[in-house]
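Just start_10.cif here, mmCIF, C-alpha atoms and all ligand atoms:
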```
data_data
loop_
_atom_site.label_atom_id
_atom_site.label_comp_id
_atom_site.auth_asym_id
_atom_site.auth_seq_id
_atom_site.Cartn_x
_atom_site.Cartn_y
_atom_site.Cartn_z
CA MET A 25 -49.70 37.06 221.91
CA LEU A 26 -52.10 39.14 224.06
CA ARG A 27 -54.76 38.62 221.40
CA ARG A 28 -54.27 34.87 221.46
CA VAL A 29 -54.48 34.74 225.27
CA LEU A 30 -57.64 36.86 225.35
CA LEU A 31 -59.41 34.86 222.64
CA ALA A 32 -58.53 31.61 224.41
CA ALA A 33 -59.56 32.94 227.85
CA SER A 34 -62.90 34.14 226.48
CA ALA A 35 -64.13 30.52 226.39
CA SER A 36 -64.02 30.39 230.21
CA ASP A 37 -67.40 30.74 231.92
CA ARG A 38 -65.74 32.52 234.85
CA ILE A 39 -64.24 35.20 232.60
CA ARG A 40 -67.54 35.56 230.76
CA LYS A 41 -69.27 36.19 234.10
CA ILE A 42 -66.68 38.76 235.20
CA ILE A 43 -66.89 40.63 231.90
CA THR A 44 -70.66 40.60 231.53
CA THR A 45 -71.28 41.82 235.10
CA ALA A 46 -68.56 44.49 235.41
CA PRO A 47 -70.17 47.89 236.09
CA TYR A 48 -68.67 49.83 233.18
CA THR A 49 -69.02 47.03 230.63
CA ARG A 50 -72.15 48.72 229.22
CA ASP A 51 -70.11 51.81 228.30
CA VAL A 52 -67.62 49.70 226.34
CA VAL A 53 -70.39 47.65 224.74
CA ALA A 54 -72.20 50.83 223.67
CA ARG A 55 -69.19 51.87 221.61
CA PHE A 56 -69.37 48.74 219.46
CA VAL A 57 -73.02 47.61 219.63
CA ALA A 58 -75.99 49.57 218.27
CA GLY A 59 -78.31 48.69 221.17
CA ASP A 60 -80.38 45.79 222.48
CA THR A 61 -83.53 46.05 220.40
CA THR A 62 -84.76 46.23 216.82
CA ASP A 63 -85.87 49.82 217.47
CA ASP A 64 -82.33 50.71 218.56
CA VAL A 65 -80.76 49.28 215.42
CA LEU A 66 -83.42 50.80 213.14
CA ALA A 67 -82.65 54.23 214.61
CA THR A 68 -78.91 53.84 214.07
CA ALA A 69 -79.32 52.41 210.56
CA GLY A 70 -81.71 55.25 209.69
CA ARG A 71 -79.19 57.84 210.88
CA LEU A 72 -76.32 56.26 208.93
CA LEU A 73 -78.40 56.03 205.76
CA ALA A 74 -79.47 59.66 206.13
CA GLU A 75 -75.76 60.52 206.30
CA GLY A 76 -75.14 58.78 202.98
CA MET A 77 -73.76 55.47 204.26
CA LEU A 78 -75.00 51.90 203.91
CA ALA A 79 -75.51 49.36 206.69
CA THR A 80 -75.33 45.63 207.32
CA VAL A 81 -77.19 44.49 210.42
CA ASP A 82 -76.04 41.58 212.58
CA TYR A 83 -78.34 40.13 215.24
CA LEU A 84 -75.78 39.12 217.85
CA GLY A 85 -75.41 35.49 218.85
CA GLU A 86 -73.27 32.51 217.89
CA ASP A 87 -72.51 28.88 218.70
CA THR A 88 -76.17 27.98 219.21
CA THR A 89 -76.57 24.48 220.68
CA ASP A 90 -80.37 24.39 220.71
CA PRO A 91 -82.46 23.86 217.52
CA GLU A 92 -85.26 26.06 218.88
CA GLN A 93 -82.83 28.87 219.50
CA ALA A 94 -81.50 28.55 215.92
CA ALA A 95 -85.07 28.80 214.58
CA ALA A 96 -85.76 31.79 216.86
CA VAL A 97 -82.70 33.62 215.50
CA ALA A 98 -83.92 33.04 211.93
CA ASP A 99 -87.39 34.31 212.94
CA THR A 100 -85.78 37.42 214.41
CA TYR A 101 -83.95 38.08 211.14
CA VAL A 102 -87.18 37.72 209.16
CA ARG A 103 -88.97 40.15 211.50
CA LEU A 104 -86.02 42.50 211.26
CA LEU A 105 -86.35 42.47 207.46
CA ASP A 106 -90.04 43.38 207.80
CA ALA A 107 -89.13 46.26 210.09
CA LEU A 108 -86.32 47.49 207.81
CA GLY A 109 -88.71 47.27 204.84
CA GLU A 110 -91.48 49.19 206.62
CA ALA A 111 -89.00 51.89 207.63
CA GLY A 112 -87.88 52.20 203.99
CA LEU A 113 -84.33 51.13 204.89
CA ALA A 114 -84.02 47.82 203.00
CA ALA A 115 -84.96 48.45 199.35
CA GLY A 116 -82.01 48.74 196.98
CA GLY A 117 -79.79 46.99 199.53
CA LEU A 118 -79.39 50.14 201.64
CA ALA A 119 -79.42 48.07 204.81
CA GLU A 120 -78.68 44.37 204.39
CA LEU A 121 -78.13 41.52 206.85
CA SER A 122 -75.05 39.73 208.15
CA VAL A 123 -75.68 36.24 209.50
CA LYS A 124 -73.39 33.96 211.50
CA PRO A 125 -73.89 30.32 210.42
CA THR A 126 -73.52 28.99 213.98
CA ALA A 127 -76.27 31.36 215.18
CA ILE A 128 -78.74 29.60 212.89
CA GLY A 129 -77.64 26.08 213.75
CA LEU A 130 -74.43 25.18 211.90
CA GLY A 131 -72.91 23.75 215.09
CA LEU A 132 -75.88 21.51 215.95
CA PRO A 133 -74.76 17.89 216.14
CA GLY A 134 -75.70 15.63 213.22
CA HIS A 135 -77.77 17.94 211.06
CA GLY A 136 -76.25 21.37 211.71
CA GLU A 137 -75.38 22.17 208.11
CA LYS A 138 -78.82 21.21 206.81
CA THR A 139 -80.52 23.20 209.58
CA ALA A 140 -78.42 26.31 208.95
CA ALA A 141 -78.98 26.08 205.18
CA GLY A 142 -82.75 25.78 205.70
CA HIS A 143 -82.91 28.80 208.00
CA LEU A 144 -80.65 30.80 205.73
CA ALA A 145 -82.86 30.05 202.71
CA ARG A 146 -85.83 31.44 204.66
CA ILE A 147 -83.88 34.60 205.55
CA CYS A 148 -82.64 35.02 201.96
CA ALA A 149 -86.18 34.70 200.58
CA ALA A 150 -87.40 37.41 203.00
CA ALA A 151 -84.41 39.59 202.10
CA ALA A 152 -85.10 39.21 198.36
CA ALA A 153 -88.75 40.17 198.97
CA ALA A 154 -87.58 43.27 200.87
CA GLY A 155 -85.18 44.19 198.05
CA THR A 156 -81.97 43.56 199.94
CA THR A 157 -79.16 41.06 200.41
CA VAL A 158 -77.61 38.75 203.01
CA THR A 159 -73.93 38.15 203.73
CA LEU A 160 -72.68 35.08 205.57
CA ASP A 161 -70.16 35.95 208.26
CA MET A 162 -67.17 33.61 208.48
CA GLU A 163 -66.39 32.14 211.88
CA ASP A 164 -63.44 30.05 213.03
CA HIS A 165 -61.48 27.97 210.52
CA THR A 166 -63.32 24.74 211.35
CA ARG A 167 -66.52 26.28 209.90
CA VAL A 168 -65.13 27.49 206.58
CA GLU A 169 -65.78 24.39 204.46
CA ALA A 170 -69.39 24.02 205.65
CA THR A 171 -70.08 27.74 205.27
CA LEU A 172 -68.81 27.74 201.69
CA ARG A 173 -70.86 24.61 200.93
CA ILE A 174 -74.01 26.39 202.18
CA LEU A 175 -73.11 29.39 200.03
CA ALA A 176 -72.68 27.16 196.96
CA GLU A 177 -75.96 25.36 197.69
CA LEU A 178 -78.01 28.55 198.01
CA ARG A 179 -76.45 30.83 195.42
CA PRO A 180 -78.28 29.31 192.43
CA GLU A 181 -81.58 30.40 194.06
CA PHE A 182 -80.22 33.51 195.80
CA PRO A 183 -77.41 34.81 193.57
CA ARG A 184 -76.88 37.92 195.73
CA LEU A 185 -76.03 35.88 198.83
CA GLY A 186 -72.51 36.96 199.80
CA CYS A 187 -69.88 35.61 202.14
CA VAL A 188 -66.87 36.69 204.15
CA LEU A 189 -63.36 35.43 203.40
CA GLN A 190 -60.50 35.92 205.88
CA SER A 191 -56.99 36.75 204.69
CA TYR A 192 -55.34 35.17 207.74
CA LEU A 193 -56.19 31.72 206.36
CA ARG A 194 -53.72 30.19 203.94
CA ARG A 195 -56.56 28.79 201.80
CA THR A 196 -58.23 32.17 201.22
CA GLU A 197 -56.33 33.22 198.09
CA ALA A 198 -57.69 30.12 196.35
CA ASP A 199 -61.19 30.82 197.72
CA CYS A 200 -61.00 34.39 196.39
CA ALA A 201 -59.97 33.14 192.97
CA ALA A 202 -62.91 30.72 192.96
CA LEU A 203 -65.43 33.34 194.09
CA ALA A 204 -64.25 36.29 191.98
CA VAL A 205 -66.96 35.60 189.41
CA PRO A 206 -69.81 37.74 188.05
CA GLY A 207 -72.54 38.42 190.58
CA SER A 208 -70.52 37.13 193.51
CA ARG A 209 -70.38 39.33 196.61
CA VAL A 210 -67.27 38.74 198.72
CA ARG A 211 -66.46 40.60 201.92
CA LEU A 212 -62.73 40.40 202.55
CA CYS A 213 -61.47 40.83 206.12
CA LYS A 214 -58.32 39.84 208.00
CA GLY A 215 -59.96 37.37 210.40
CA ALA A 216 -60.81 37.72 214.07
CA TYR A 217 -60.42 34.14 215.35
CA GLN A 218 -57.56 31.90 216.43
CA ALA A 219 -56.21 29.26 214.09
CA PRO A 220 -53.23 26.90 214.12
CA HIS A 221 -50.10 27.70 212.12
CA ASP A 222 -50.75 25.10 209.44
CA VAL A 223 -54.02 26.80 208.43
CA ALA A 224 -53.32 30.47 209.22
CA PHE A 225 -50.53 32.98 208.78
CA GLY A 226 -48.77 33.79 212.02
CA THR A 227 -47.70 37.42 211.68
CA ARG A 228 -49.59 40.64 210.99
CA ALA A 229 -47.31 41.34 208.01
CA GLU A 230 -48.17 37.98 206.42
CA VAL A 231 -51.90 38.53 207.01
CA ASP A 232 -51.67 42.01 205.46
CA ARG A 233 -49.73 40.75 202.43
CA SER A 234 -52.29 37.99 201.98
CA TYR A 235 -55.05 40.62 202.20
CA ALA A 236 -53.40 42.64 199.41
CA ARG A 237 -53.09 39.54 197.19
CA CYS A 238 -56.71 38.52 197.82
CA LEU A 239 -57.91 42.06 197.19
CA ARG A 240 -56.13 42.10 193.85
CA LEU A 241 -57.89 38.87 192.82
CA LEU A 242 -61.27 40.31 193.79
CA MET A 243 -60.68 43.68 192.15
CA TYR A 244 -59.58 42.12 188.85
CA GLY A 245 -62.30 39.46 189.03
CA GLY A 246 -65.90 39.78 187.93
CA GLY A 247 -67.58 39.93 191.34
CA TYR A 248 -68.47 42.67 193.79
CA PRO A 249 -65.67 43.20 196.35
CA MET A 250 -66.62 44.37 199.85
CA VAL A 251 -63.41 45.64 201.42
CA ALA A 252 -63.81 45.16 205.16
CA THR A 253 -60.88 46.78 206.92
CA HIS A 254 -60.01 49.86 208.96
CA ASP A 255 -56.32 49.56 208.04
CA PRO A 256 -55.18 52.84 206.40
CA ARG A 257 -52.54 51.10 204.27
CA LEU A 258 -55.03 48.57 202.89
CA ILE A 259 -57.56 51.33 202.24
CA ALA A 260 -54.91 53.18 200.19
CA ILE A 261 -54.08 49.93 198.35
CA THR A 262 -57.79 49.40 197.63
CA HIS A 263 -58.01 52.85 196.07
CA ALA A 264 -54.95 52.14 193.88
CA GLN A 265 -56.03 48.63 192.87
CA ALA A 266 -59.55 49.75 192.00
CA SER A 267 -58.20 52.37 189.60
CA LEU A 268 -55.69 49.94 188.07
CA ALA A 269 -58.47 47.39 187.57
CA GLY A 270 -60.62 50.07 185.92
CA ARG A 271 -63.33 49.87 188.56
CA ASN A 272 -65.61 52.80 189.30
CA LEU A 273 -66.76 53.65 192.84
CA ALA A 274 -70.10 51.89 192.35
CA SER A 275 -68.45 48.54 191.61
CA PHE A 276 -67.11 47.84 195.11
CA GLU A 277 -67.62 49.06 198.66
CA TYR A 278 -65.67 49.71 201.83
CA GLN A 279 -67.02 48.21 205.02
CA MET A 280 -66.17 49.04 208.62
CA LEU A 281 -67.46 48.08 212.03
CA TYR A 282 -69.78 50.36 214.00
CA GLY A 283 -67.75 52.48 216.40
CA ILE A 284 -64.39 51.95 214.71
CA ARG A 285 -62.75 54.84 212.80
CA PRO A 286 -66.05 56.71 212.21
CA ALA A 287 -64.16 59.76 210.89
CA GLU A 288 -62.55 57.57 208.22
CA GLN A 289 -65.96 56.14 207.33
CA ARG A 290 -67.19 59.72 206.85
CA ARG A 291 -64.12 60.75 204.84
CA LEU A 292 -64.48 57.87 202.38
CA ALA A 293 -68.21 58.54 201.95
CA ASP A 294 -67.53 62.25 201.41
CA ASP A 295 -65.04 61.26 198.69
CA GLY A 296 -67.88 59.47 196.89
CA ALA A 297 -67.08 55.89 197.93
CA GLN A 298 -69.76 53.46 199.08
CA VAL A 299 -69.26 52.79 202.79
CA ARG A 300 -71.23 50.14 204.61
CA VAL A 301 -71.20 50.07 208.42
CA TYR A 302 -71.54 46.70 210.17
CA LEU A 303 -74.18 47.20 212.85
CA PRO A 304 -74.44 44.51 215.53
CA TYR A 305 -77.34 44.62 217.96
CA GLY A 306 -78.91 42.42 220.62
CA ARG A 307 -78.10 41.22 224.11
CA ASP A 308 -75.71 38.38 223.21
CA TRP A 309 -72.73 40.67 222.65
CA TYR A 310 -70.06 38.81 224.64
CA GLY A 311 -68.20 36.98 221.81
CA TYR A 312 -68.34 40.04 219.57
CA LEU A 313 -67.02 42.33 222.29
CA VAL A 314 -64.11 40.05 223.17
CA ARG A 315 -62.99 39.96 219.52
CA ARG A 316 -63.06 43.78 219.40
CA LEU A 317 -61.06 43.99 222.65
CA ALA A 318 -58.54 41.47 221.36
CA GLU A 319 -57.94 43.47 218.18
CA ARG A 320 -56.58 46.48 219.98
CA PRO A 321 -54.53 46.69 223.19
CA ALA A 322 -55.90 50.20 223.87
CA ASN A 323 -59.46 48.83 224.03
CA LEU A 324 -58.32 46.15 226.42
CA ALA A 325 -56.52 48.63 228.71
CA PHE A 326 -59.68 50.75 228.89
CA PHE A 327 -61.74 47.71 229.68
CA LEU A 328 -59.36 46.36 232.34
CA ARG A 329 -59.55 49.71 234.15
CA SER A 330 -63.32 49.24 234.33
CA LEU A 331 -62.87 45.73 235.75
CA ALA A 332 -60.41 47.03 238.36
CA SER A 333 -63.10 49.35 239.67
CA THR A 334 -65.25 46.35 240.61
CA ARG A 335 -62.89 45.42 243.43
P1 LIG B 401 -56.17 46.09 211.97
O1 LIG B 401 -56.57 45.18 213.06
O2 LIG B 401 -54.74 46.10 211.55
O3 LIG B 401 -56.62 47.54 212.36
C1 LIG B 401 -56.30 48.69 211.59
C2 LIG B 401 -56.68 49.93 212.41
O4 LIG B 401 -58.10 49.94 212.59
C3 LIG B 401 -56.11 49.93 213.82
O5 LIG B 401 -54.82 50.49 213.85
C4 LIG B 401 -57.13 50.77 214.55
O6 LIG B 401 -56.96 52.14 214.27
C5 LIG B 401 -58.43 50.35 213.91
N1 LIG B 401 -59.04 49.21 214.61
C6 LIG B 401 -59.14 47.93 214.19
N2 LIG B 401 -59.81 47.18 215.07
C7 LIG B 401 -60.13 47.99 216.09
C8 LIG B 401 -60.85 47.80 217.30
N3 LIG B 401 -61.34 46.62 217.65
N4 LIG B 401 -61.01 48.88 218.12
C9 LIG B 401 -60.53 50.09 217.78
N5 LIG B 401 -59.85 50.33 216.64
C10 LIG B 401 -59.65 49.29 215.80
N6 LIG B 401 -63.77 38.80 211.05
C11 LIG B 401 -64.04 37.48 210.91
O7 LIG B 401 -63.21 36.63 211.31
N7 LIG B 401 -65.22 37.07 210.33
C12 LIG B 401 -66.13 37.95 209.85
O8 LIG B 401 -67.18 37.55 209.34
C13 LIG B 401 -65.85 39.34 209.97
N8 LIG B 401 -66.73 40.28 209.51
C14 LIG B 401 -66.34 41.60 209.46
C15 LIG B 401 -67.14 42.54 208.82
C16 LIG B 401 -66.70 43.84 208.69
C17 LIG B 401 -67.56 44.83 207.97
C18 LIG B 401 -65.43 44.23 209.23
C19 LIG B 401 -64.92 45.64 209.06
C20 LIG B 401 -64.67 43.32 209.90
C21 LIG B 401 -65.10 42.00 210.04
N9 LIG B 401 -64.33 41.07 210.72
C22 LIG B 401 -64.64 39.73 210.60
C23 LIG B 401 -63.22 41.51 211.61
C24 LIG B 401 -61.88 41.49 210.90
O9 LIG B 401 -61.49 40.17 210.63
C25 LIG B 401 -60.78 42.17 211.75
O10 LIG B 401 -60.61 41.45 212.93
C26 LIG B 401 -61.06 43.62 212.09
O11 LIG B 401 -61.66 44.29 211.03
C27 LIG B 401 -59.74 44.35 212.42
O12 LIG B 401 -58.87 44.28 211.31
P2 LIG B 401 -58.52 45.51 210.36
O13 LIG B 401 -58.56 45.03 208.96
O14 LIG B 401 -59.36 46.68 210.66
O15 LIG B 401 -56.98 45.81 210.65
#
```
What would you get if you wrote out this structure as structure tokens?
Amino acid sequence: MLRRVLLAASASDRIRKIITTAPYTRDVVARFVAGDTTDDVLATAGRLLAEGMLATVDYLGEDTTDPEQAAAVADTYVRLLDALGEAGLAAGGLAELSVKPTAIGLGLPGHGEKTAAGHLARICAAAAAAGTTVTLDMEDHTRVEATLRILAELRPEFPRLGCVLQSYLRRTEADCAALAVPGSRVRLCKGAYQAPHDVAFGTRAEVDRSYARCLRLLMYGGGYPMVATHDPRLIAITHAQASLAGRNLASFEYQMLYGIRPAEQRRLADDGAQVRVYLPYGRDWYGYLVRRLAERPANLAFFLRSLASTR
């Protein structure tokens, strides 16, 4: 309930202003975001890689309404790939990219899908040249069809292009079955957006059960599962399903968000698993931060205390 209210309220310009100008917001942002600049994210990615982890870098921003802004985001990703390559962090997929379709134009009226596909192709070509991969983030349920169409359009040329599927959506089991094919990279998460009851499961238990079913399809399928969760029960289930499916530790990976359960990230890596940390950076952190606050009441309580101090 609290989550739903917060996600809905986040669309208000007034709330955005209060949150982005509160004095202690930077402290909360710093927990989840790896800095404002490319240098910041390169430093964090370099540290994680030196510690034996992998990274996926997200240049923050979403819901772009300006074609020039969409092109600028794609340019930033291409420059980021150059920088990752020069720092020796990209080859072999050590650090890859995560891209939100609406940041590169999916929401533009009329030609959004074509624009986003064009920018993504440019980013994928640069990623392939740098020896790494790209994964398409999945946004709210109204974007799923178009995002999967872009994936299908580009995969023949860029077979390592991956995508996120969200277990809170009723359709996702079928999407997992369709995408559990050789060469296909699928990042499975629970889903961080709001959706109506006819398209999404309503309770945590249903979302978790759906996650377990989807995971099973991916583990027994021919693709490369990327298990994006911090949930201890689902991590234990992943371990069990991977052994039952006869998978070795190189044939799938765990993924977690920067700043969330870092000790668990370390434990899994120390046990020999591949662990990729999702590293967001940039100044447009508002939407990302609100989703992280909405996921956990304790985060919200901490944040509300910082707002109270503005009075
Ligand atoms: P759950 O929410 O049940 O959390 C399990 C435990 O993890 C909690 O008990 C707590 O300990 C810890 N935890 C989780 N969230 C926390 C937080 N915000 N702060 C502190 N602790 C927290 N979603 C989406 O809709 N589209 C996408 O493209 C992506 N991409 C993505 C990539 C990666 C690598 C990850 C890990 C996640 C995403 N997500 C996402 C977000 C995802 O949908 C989901 O909202 C969060 O991962 C939280 O769900 P969990 O599976 O961790 O379980």
Polymer residues at most 12 Å from Leu328 in chain A, only C-alpha atoms, same-chain spacing of 6 or more positions, as a count of residues only: 13
Residue nearest Arg146 in chain A among A:His254, A:Arg103, A:Arg228, A:Arg173 (counting only C-alpha atoms): A:Arg103
Environment of ligand LIG 401 (chain B) within 6 Å, counting all atoms listed in the file, reported as a PyMOL selection string: chain A and resi 161-163+188+213-217+252-255+279-281+284+302+316-317+319-320
Residue contacts of Glu120 in chain A (6 Å, all atoms listed in the file) excluding same-chain residues fewer than 3 positions away, as a ChimeraX atom specification: /A:80,117,156-158
Close residues, His221 in chain A itself excluded, 12 Å, only C-alpha atoms, min 6 positions apart in chain, as a PyMOL selection string: chain A and resi 165+192-194+227+230
Residues just named, written with C-alpha atoms as a tab-separated table (two decimals), in the frame of the given file:
```tsv
chain	number	residue	atom	x	y	z
A	165	HIS	CA	-61.48	27.97	210.52
A	192	TYR	CA	-55.34	35.17	207.74
A	193	LEU	CA	-56.19	31.72	206.36
A	194	ARG	CA	-53.72	30.19	203.94
A	227	THR	CA	-47.70	37.42	211.68
A	230	GLU	CA	-48.17	37.98	206.42
```
Residues near range 83-91 of chain A, cut-off 10 Å, only C-alpha atoms, skip fewer than 3 positions along chain, as a VMD selection string: chain A and resid 57 60 to 62 65 94 to 98 100 to 101 104 121 to 133 135 to 136 139 to 140 163 303 to 312
Write the residues of the preceding selection, restricted to C-alpha atoms, as a short mmCIF file (atom, residue, chain, number, x, y, z; two decimals), keeping the file's coordinate frame.
```cif
data_model
loop_
_atom_site.label_atom_id
_atom_site.label_comp_id
_atom_site.auth_asym_id
_atom_site.auth_seq_id
_atom_site.Cartn_x
_atom_site.Cartn_y
_atom_site.Cartn_z
CA VAL A 57 -73.02 47.61 219.63
CA ASP A 60 -80.38 45.79 222.48
CA THR A 61 -83.53 46.05 220.40
CA THR A 62 -84.76 46.23 216.82
CA VAL A 65 -80.76 49.28 215.42
CA ALA A 94 -81.50 28.55 215.92
CA ALA A 95 -85.07 28.80 214.58
CA ALA A 96 -85.76 31.79 216.86
CA VAL A 97 -82.70 33.62 215.50
CA ALA A 98 -83.92 33.04 211.93
CA THR A 100 -85.78 37.42 214.41
CA TYR A 101 -83.95 38.08 211.14
CA LEU A 104 -86.02 42.50 211.26
CA LEU A 121 -78.13 41.52 206.85
CA SER A 122 -75.05 39.73 208.15
CA VAL A 123 -75.68 36.24 209.50
CA LYS A 124 -73.39 33.96 211.50
CA PRO A 125 -73.89 30.32 210.42
CA THR A 126 -73.52 28.99 213.98
CA ALA A 127 -76.27 31.36 215.18
CA ILE A 128 -78.74 29.60 212.89
CA GLY A 129 -77.64 26.08 213.75
CA LEU A 130 -74.43 25.18 211.90
CA GLY A 131 -72.91 23.75 215.09
CA LEU A 132 -75.88 21.51 215.95
CA PRO A 133 -74.76 17.89 216.14
CA HIS A 135 -77.77 17.94 211.06
CA GLY A 136 -76.25 21.37 211.71
CA THR A 139 -80.52 23.20 209.58
CA ALA A 140 -78.42 26.31 208.95
CA GLU A 163 -66.39 32.14 211.88
CA LEU A 303 -74.18 47.20 212.85
CA PRO A 304 -74.44 44.51 215.53
CA TYR A 305 -77.34 44.62 217.96
CA GLY A 306 -78.91 42.42 220.62
CA ARG A 307 -78.10 41.22 224.11
CA ASP A 308 -75.71 38.38 223.21
CA TRP A 309 -72.73 40.67 222.65
CA TYR A 310 -70.06 38.81 224.64
CA GLY A 311 -68.20 36.98 221.81
CA TYR A 312 -68.34 40.04 219.57
#
```
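Of the listed residues (A:Gly76, A:Arg55, A:Arg237, A:Leu212), A:Gly76 comes nearest to Asp295 in chain A; the distances count only C-alpha atoms.
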Ser275 in chain A: which residues within 10 Å, counting only C-alpha atoms, same-chain residues fewer than 6 positions away excluded, as an mmCIF file with C-alpha atoms, keeping the file's coordinate frame?
```cif
data_model
loop_
_atom_site.group_PDB
_atom_site.id
_atom_site.type_symbol
_atom_site.label_atom_id
_atom_site.label_comp_id
_atom_site.auth_asym_id
_atom_site.auth_seq_id
_atom_site.Cartn_x
_atom_site.Cartn_y
_atom_site.Cartn_z
ATOM 1 C CA MET A 243 -60.680 43.680 192.150
ATOM 2 C CA GLY A 246 -65.900 39.780 187.930
ATOM 3 C CA GLY A 247 -67.580 39.930 191.340
ATOM 4 C CA TYR A 248 -68.470 42.670 193.790
ATOM 5 C CA PRO A 249 -65.670 43.200 196.350
ATOM 6 C CA MET A 250 -66.620 44.370 199.850
ATOM 7 C CA ALA A 266 -59.550 49.750 192.000
ATOM 8 C CA ALA A 297 -67.080 55.890 197.930
ATOM 9 C CA GLN A 298 -69.760 53.460 199.080
#
```
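The interatomic distance for the pair CA of Asn272 in chain A and CA of Tyr235 in chain A works out to 20.6 Å.
Among the candidate residues A:Leu242, A:Ala79, A:Lys41, A:Asp294, the one lying nearest to Ala201 in chain A is A:Leu242, with distances computed using all atoms listed in the file.
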Atomic separation - CA of Arg211 in chain A relative to CA of Gly186 in chain A, Å: 7.4 Å
Two-atom distance - CA of Gly270 in chain A, CA of Ala114 in chain A (Å):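 Straight-line distance from CA of Gly270 in chain A to CA of Ala114 in chain A works out to 29.1 Å.
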Which of A:Leu273, A:Ile147, A:Ala264, A:Ile39 sits closest to Phe182 in chain A [using only C-alpha atoms]: A:Ile147
Proximity to Arg27 in chain A - best of A:Val223, A:Ala293, A:Ala318, A:Glu169, all atoms listed in the file: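 Smallest separation from Arg27 in chain A among the options: A:Ala318.
Residue nearest Ala150 in chain A within the list A:Gly134, A:Pro180, A:Gly109, A:Gly116: A:Gly109 [criterion: smallest interatomic distance, only C-alpha atoms].
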Neighbours of point (-71.6, 52.5, 206.9) within 6 Å, using all atoms listed in the file, written as an MDAnalysis selection string: chainID A and resid 77:79 299:301
